[in-house]
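Here's entry.tsv, which has TSV, C-alpha atoms:
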```
chain	number	residue	atom	x	y	z
A	389	MET	CA	14.07	-10.61	18.06
A	390	LYS	CA	10.83	-9.69	16.30
A	391	LEU	CA	9.04	-6.57	17.47
A	392	GLU	CA	5.64	-7.92	16.46
A	393	GLY	CA	4.03	-9.82	19.32
A	394	GLU	CA	6.19	-8.27	22.05
A	395	ARG	CA	4.29	-7.12	25.13
A	396	TRP	CA	4.68	-3.64	26.56
A	397	ARG	CA	3.51	-3.23	30.17
A	398	THR	CA	2.20	0.26	30.76
A	399	LEU	CA	0.33	2.55	33.12
A	400	VAL	CA	-2.66	4.41	31.69
A	401	SER	CA	-3.71	7.71	33.30
A	402	THR	CA	-6.43	10.25	32.62
A	403	VAL	CA	-5.49	13.82	33.51
A	404	ARG	CA	-7.98	16.67	33.70
A	405	LEU	CA	-7.01	20.32	33.32
A	406	GLY	CA	-10.13	22.41	33.56
A	407	ARG	CA	-12.45	21.25	30.80
A	408	ASP	CA	-9.68	19.37	28.99
A	409	GLU	CA	-8.91	15.69	29.52
A	410	TYR	CA	-5.80	13.85	28.40
A	411	ARG	CA	-4.96	10.15	28.20
A	412	VAL	CA	-1.34	9.44	29.07
A	413	VAL	CA	0.41	6.09	28.63
A	414	GLN	CA	3.84	5.43	30.12
A	415	PRO	CA	5.95	2.33	30.89
A	416	ALA	CA	5.02	0.44	34.02
A	417	ARG	CA	8.73	0.51	34.82
A	418	PRO	CA	11.00	3.34	33.62
A	419	LEU	CA	13.68	2.37	31.10
A	420	SER	CA	16.88	1.83	33.05
A	421	HIS	CA	19.40	2.68	30.34
A	422	ALA	CA	18.16	5.26	27.85
A	423	PRO	CA	19.51	8.73	28.73
A	424	LEU	CA	18.15	11.32	26.27
A	425	TYR	CA	20.02	14.58	25.77
A	426	GLU	CA	20.93	17.25	23.24
A	427	GLY	CA	23.89	16.12	21.15
A	428	TYR	CA	25.93	17.57	18.31
A	429	LEU	CA	23.42	16.80	15.58
A	430	GLY	CA	20.16	16.99	17.50
A	431	VAL	CA	18.71	14.92	20.32
A	432	GLU	CA	20.35	11.57	21.14
A	433	ALA	CA	19.43	8.56	23.27
A	434	CYS	CA	22.07	6.04	24.32
A	435	VAL	CA	20.39	2.66	24.85
A	436	ASP	CA	20.98	-0.95	25.74
A	437	LYS	CA	19.04	-3.79	24.11
A	438	ALA	CA	16.12	-3.72	26.56
A	439	SER	CA	15.69	0.05	26.31
A	440	ALA	CA	15.87	-0.01	22.51
A	441	LEU	CA	12.97	-2.47	22.60
A	442	GLY	CA	11.06	-0.27	25.05
A	443	ILE	CA	11.41	2.83	22.87
A	444	ALA	CA	10.41	0.89	19.74
A	445	MET	CA	7.30	-0.51	21.44
A	446	ALA	CA	6.33	2.94	22.72
A	447	TRP	CA	6.83	4.41	19.26
A	448	GLU	CA	4.76	1.70	17.57
A	449	PHE	CA	1.95	2.24	20.06
A	450	GLY	CA	2.14	6.03	19.71
A	451	MET	CA	2.03	5.74	15.92
A	452	ARG	CA	-1.44	4.16	16.05
A	453	SER	CA	-2.81	6.11	19.06
A	454	PRO	CA	-3.81	9.59	17.88
A	455	ARG	CA	-5.69	10.45	21.10
A	456	THR	CA	-2.89	9.53	23.50
A	457	LEU	CA	0.22	11.16	24.93
A	458	VAL	CA	2.95	8.48	25.08
A	459	TYR	CA	5.35	9.48	27.84
A	460	LEU	CA	8.80	8.02	28.47
A	461	PRO	CA	10.30	9.47	31.70
A	462	LEU	CA	13.88	9.06	30.51
A	463	ARG	CA	15.32	11.53	33.01
A	464	GLN	CA	15.14	8.61	35.45
A	465	SER	CA	17.48	6.53	33.27
A	466	ASP	CA	21.11	5.93	34.10
A	467	SER	CA	22.76	9.02	32.59
A	468	ALA	CA	26.40	7.98	32.97
A	469	CYS	CA	26.71	6.59	29.42
A	470	ARG	CA	26.31	9.58	27.14
A	471	TRP	CA	28.45	11.85	25.00
A	472	SER	CA	27.17	15.27	26.04
A	473	ASP	CA	27.03	17.07	29.38
A	474	GLY	CA	23.71	18.77	28.66
A	475	PRO	CA	20.64	18.09	30.81
A	476	VAL	CA	18.84	14.76	30.44
A	477	LEU	CA	15.37	14.91	28.93
A	478	ASP	CA	12.06	13.05	28.89
A	479	LEU	CA	10.30	12.02	25.67
A	480	VAL	CA	6.66	12.44	24.64
A	481	LEU	CA	5.14	11.19	21.39
A	482	LEU	CA	1.84	12.63	20.14
A	483	HIS	CA	-0.18	13.24	17.01
A	484	HIS	CA	-0.62	16.83	15.89
A	485	SER	CA	-4.36	16.17	15.47
A	486	LEU	CA	-4.64	16.00	19.27
A	487	GLY	CA	-4.04	19.77	19.44
A	488	PHE	CA	-2.12	19.46	22.70
A	489	ARG	CA	-0.62	22.72	23.99
A	490	LEU	CA	2.97	21.95	25.00
A	491	SER	CA	2.88	24.75	27.57
A	492	THR	CA	0.47	22.67	29.69
A	493	TRP	CA	2.79	19.66	29.91
A	494	LYS	CA	4.29	20.53	33.31
A	495	GLN	CA	0.79	20.53	34.82
A	496	VAL	CA	-0.08	17.21	33.19
A	497	ARG	CA	3.19	15.61	34.28
A	498	ALA	CA	2.73	16.77	37.87
A	499	ARG	CA	-0.55	14.83	38.07
A	500	LEU	CA	1.00	11.55	36.93
A	501	ARG	CA	3.03	10.72	40.03
A	502	GLY	CA	1.97	7.44	41.56
A	503	VAL	CA	-1.17	7.07	39.46
A	504	GLY	CA	-2.25	4.94	36.51
A	505	ARG	CA	-3.95	1.61	35.90
A	506	PRO	CA	-1.88	-1.32	34.59
A	507	HIS	CA	-2.38	-2.24	30.97
A	508	THR	CA	-0.44	-4.50	28.58
A	509	VAL	CA	-0.03	-3.53	24.94
A	510	VAL	CA	0.78	-6.17	22.32
A	511	CYS	CA	2.91	-4.73	19.53
A	512	ARG	CA	1.43	-5.26	16.10
A	513	GLY	CA	4.56	-4.26	14.21
A	514	LEU	CA	4.35	-2.26	10.99
A	515	GLN	CA	1.35	-3.48	9.05
A	516	GLU	CA	2.50	-1.70	5.90
A	517	GLU	CA	5.64	-0.08	4.55
A	518	PRO	CA	5.86	3.72	4.78
A	519	ASP	CA	5.16	5.57	1.53
A	520	TYR	CA	8.71	6.87	1.19
A	521	GLU	CA	8.13	8.37	-2.25
A	522	ARG	CA	5.35	10.61	-0.96
A	523	LEU	CA	7.03	11.43	2.34
A	524	ARG	CA	10.30	12.43	0.64
A	525	HIS	CA	8.65	14.57	-2.03
A	526	ARG	CA	9.81	18.17	-1.81
A	527	ASP	CA	6.22	19.41	-1.38
A	528	ASN	CA	5.41	17.03	1.46
A	529	ARG	CA	4.55	18.79	4.72
A	530	ASP	CA	3.60	15.64	6.61
A	531	LEU	CA	6.77	15.61	8.74
A	532	LEU	CA	7.68	14.92	12.33
A	533	ARG	CA	8.23	18.07	14.36
A	534	GLY	CA	10.48	18.18	17.39
A	535	GLU	CA	10.43	20.68	20.24
A	536	ILE	CA	11.95	20.80	23.71
A	537	VAL	CA	9.68	22.17	26.45
A	538	ALA	CA	9.94	21.68	30.23
A	539	ASP	CA	12.89	19.23	30.05
A	540	THR	CA	10.93	17.13	27.56
A	541	VAL	CA	11.44	16.32	23.90
A	542	PHE	CA	8.11	16.34	22.07
A	543	VAL	CA	7.93	14.45	18.79
A	544	VAL	CA	4.74	15.52	17.00
A	545	GLY	CA	3.37	14.21	13.72
A	546	SER	CA	0.85	12.02	11.93
A	547	ARG	CA	0.73	8.26	11.54
A	548	PRO	CA	2.51	8.29	8.13
A	549	ALA	CA	5.28	10.47	9.57
A	550	PHE	CA	5.66	8.23	12.63
A	551	GLN	CA	5.80	5.16	10.38
A	552	VAL	CA	9.19	6.16	8.99
A	553	GLY	CA	10.69	6.48	12.47
A	554	GLY	CA	9.01	3.23	13.43
A	555	GLN	CA	10.74	1.45	10.57
A	556	ALA	CA	14.14	2.73	11.73
A	557	LEU	CA	13.47	1.60	15.31
A	558	ARG	CA	12.22	-1.79	14.15
A	559	GLU	CA	15.50	-2.33	12.30
A	560	LEU	CA	17.40	-1.21	15.41
A	561	VAL	CA	15.67	-3.90	17.50
A	562	GLU	CA	15.42	-6.72	14.96
A	563	ASP	CA	18.61	-6.38	12.91
A	564	CYS	CA	21.26	-4.54	14.90
A	565	PRO	CA	21.95	-7.16	17.61
A	566	ARG	CA	23.00	-9.65	14.91
A	567	HIS	CA	25.20	-7.05	13.22
A	568	MET	CA	26.87	-6.23	16.53
A	569	HIS	CA	27.45	-9.91	17.26
A	570	GLU	CA	28.94	-10.59	13.83
A	571	SER	CA	31.01	-7.39	13.72
A	572	PRO	CA	32.02	-6.24	17.20
A	573	GLY	CA	32.45	-2.49	17.35
A	574	THR	CA	29.76	-1.84	14.73
A	575	HIS	CA	27.92	1.46	15.22
A	576	CYS	CA	24.20	0.63	15.32
A	577	CYS	CA	21.58	3.35	15.53
A	578	ALA	CA	18.23	4.67	14.32
A	579	GLU	CA	18.32	8.09	12.69
A	580	ILE	CA	14.86	9.64	12.76
A	581	THR	CA	14.39	12.65	10.54
A	582	GLU	CA	12.61	15.80	11.62
A	583	ASP	CA	13.04	17.53	8.29
A	584	GLN	CA	15.60	18.02	5.53
A	585	TRP	CA	17.61	20.49	7.60
A	586	HIS	CA	17.92	18.29	10.69
A	587	TRP	CA	18.53	14.90	9.15
A	588	LYS	CA	19.60	13.32	12.42
A	589	TRP	CA	17.35	15.21	14.81
A	590	LEU	CA	16.55	12.12	16.89
A	591	HIS	CA	19.43	9.67	17.05
A	592	VAL	CA	18.92	6.45	19.06
A	593	VAL	CA	22.23	4.61	19.36
A	594	TYR	CA	23.35	1.45	21.11
A	595	CYS	CA	25.71	2.09	24.01
A	596	ASP	CA	29.21	0.73	23.29
A	597	ASP	CA	29.68	-0.39	26.90
A	598	HIS	CA	26.22	-1.72	27.78
A	599	ARG	CA	24.59	-3.05	24.64
A	600	VAL	CA	22.90	-5.93	26.43
A	601	GLY	CA	20.45	-5.14	29.22
A	602	ASN	CA	18.08	-7.16	31.36
A	603	ARG	CA	14.39	-7.01	30.54
```
structure tokens encoding of this file:
Amino acid sequence: MKLEGERWRTLVSTVRLGRDEYRVVQPARPLSHAPLYEGYLGVEACVDKASALGIAMAWEFGMRSPRTLVYLPLRQSDSACRWSDGPVLDLVLLHHSLGFRLSTWKQVRARLRGVGRPHTVVCRGLQEEPDYERLRHRDNRDLLRGEIVADTVFVVGSRPAFQVGGQALRELVEDCPRHMHESPGTHCCAEITEDQWHWKWLHVVYCDDHRVGNR
């Protein structure tokens, strides 16, 4: 399956808090199998094929949308298939240039219930390879940052930083199903780096029991 050309059906909302206004994009239908939780090496999501595609499409859209909060309400996912008993979490992707104060998220989220206009996003895929040499240089500060606030994992960064995670998720969607078919029992995942000290801060892994899901 190629990520490029896939269609992501969303709901687009505009939320006002005082003089501030925020654009929030979320799936039209919550992902059914993508519980997100704190694991042994960071934050983990256990996904089936359909949810892996949903996360990859959301990530690709968030990468090129610096003025948007991309919200995945993963606490609504089936949480039975996971390897930690910690609380389930939501996921928000945003660019640091937006200057969003994470402390206001609960207020924004509370205004999203039952609102939003339908919109379909066509995934463009990665138009260019990430500049790994620059991003991995010891003086590089252009990194993804992860924080947990109000039962939500926030992944914050710039487009170049998001590109690296996007490449890992693209491989998860496009390459892993074939590997799993050819070698049953293969561990397939995307390891998305926050920084050199948390090399597996966001770990998106195919569920061993429910790798195939309905779209």
Who sits within 9 Å of A:Ala578, only C-alpha atoms, same chain under 5 positions skipped, as number ranges by chain: A: 553, 555-560, 588, 590-593
Which residue out of A:Asp597, A:Lys437, A:Val544, A:Thr574 has the minimum interatomic distance to A:Met389 when only C-alpha atoms are used? A:Lys437
Need the axis-aligned box for stretch 503-506 of chain A with 5 Å each side, so what are the centre and edges in Å to one decimal, as lines of an AutoDock Vina configuration file?
```
center_x = -2.6
center_y = 2.9
center_z = 37.0
size_x = 12.8
size_y = 18.4
size_z = 14.9
```
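Taking all atoms listed in the file into account, A:Asp466 lies nearest to A:Val435 out of the set A:Val496, A:Met445, A:Val435, A:Leu405.
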Considering only C-alpha atoms, return as an mmCIF file with C-alpha atoms, in the coordinates of the input whatever protein or nucleic-acid residues lie within 9 Å of A:Arg397, sequence-local ones (same chain, fewer than 3 positions apart) excluded.
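Written file, result_8.cif:
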```cif
data_model
loop_
_atom_site.group_PDB
_atom_site.id
_atom_site.type_symbol
_atom_site.label_atom_id
_atom_site.label_comp_id
_atom_site.auth_asym_id
_atom_site.auth_seq_id
_atom_site.Cartn_x
_atom_site.Cartn_y
_atom_site.Cartn_z
ATOM 1 C CA GLN A 414 3.840 5.430 30.120
ATOM 2 C CA PRO A 415 5.950 2.330 30.890
ATOM 3 C CA ALA A 416 5.020 0.440 34.020
ATOM 4 C CA ARG A 417 8.730 0.510 34.820
ATOM 5 C CA PRO A 506 -1.880 -1.320 34.590
ATOM 6 C CA HIS A 507 -2.380 -2.240 30.970
ATOM 7 C CA THR A 508 -0.440 -4.500 28.580
ATOM 8 C CA VAL A 509 -0.030 -3.530 24.940
ATOM 9 C CA VAL A 510 0.780 -6.170 22.320
#
```
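The protein and nucleic acid residues lying at most 8 Å from A:Leu486 are Pro454, Arg455 and Thr456 of chain A, with all atoms listed in the file considered and sequence neighbours fewer than 6 positions away removed.
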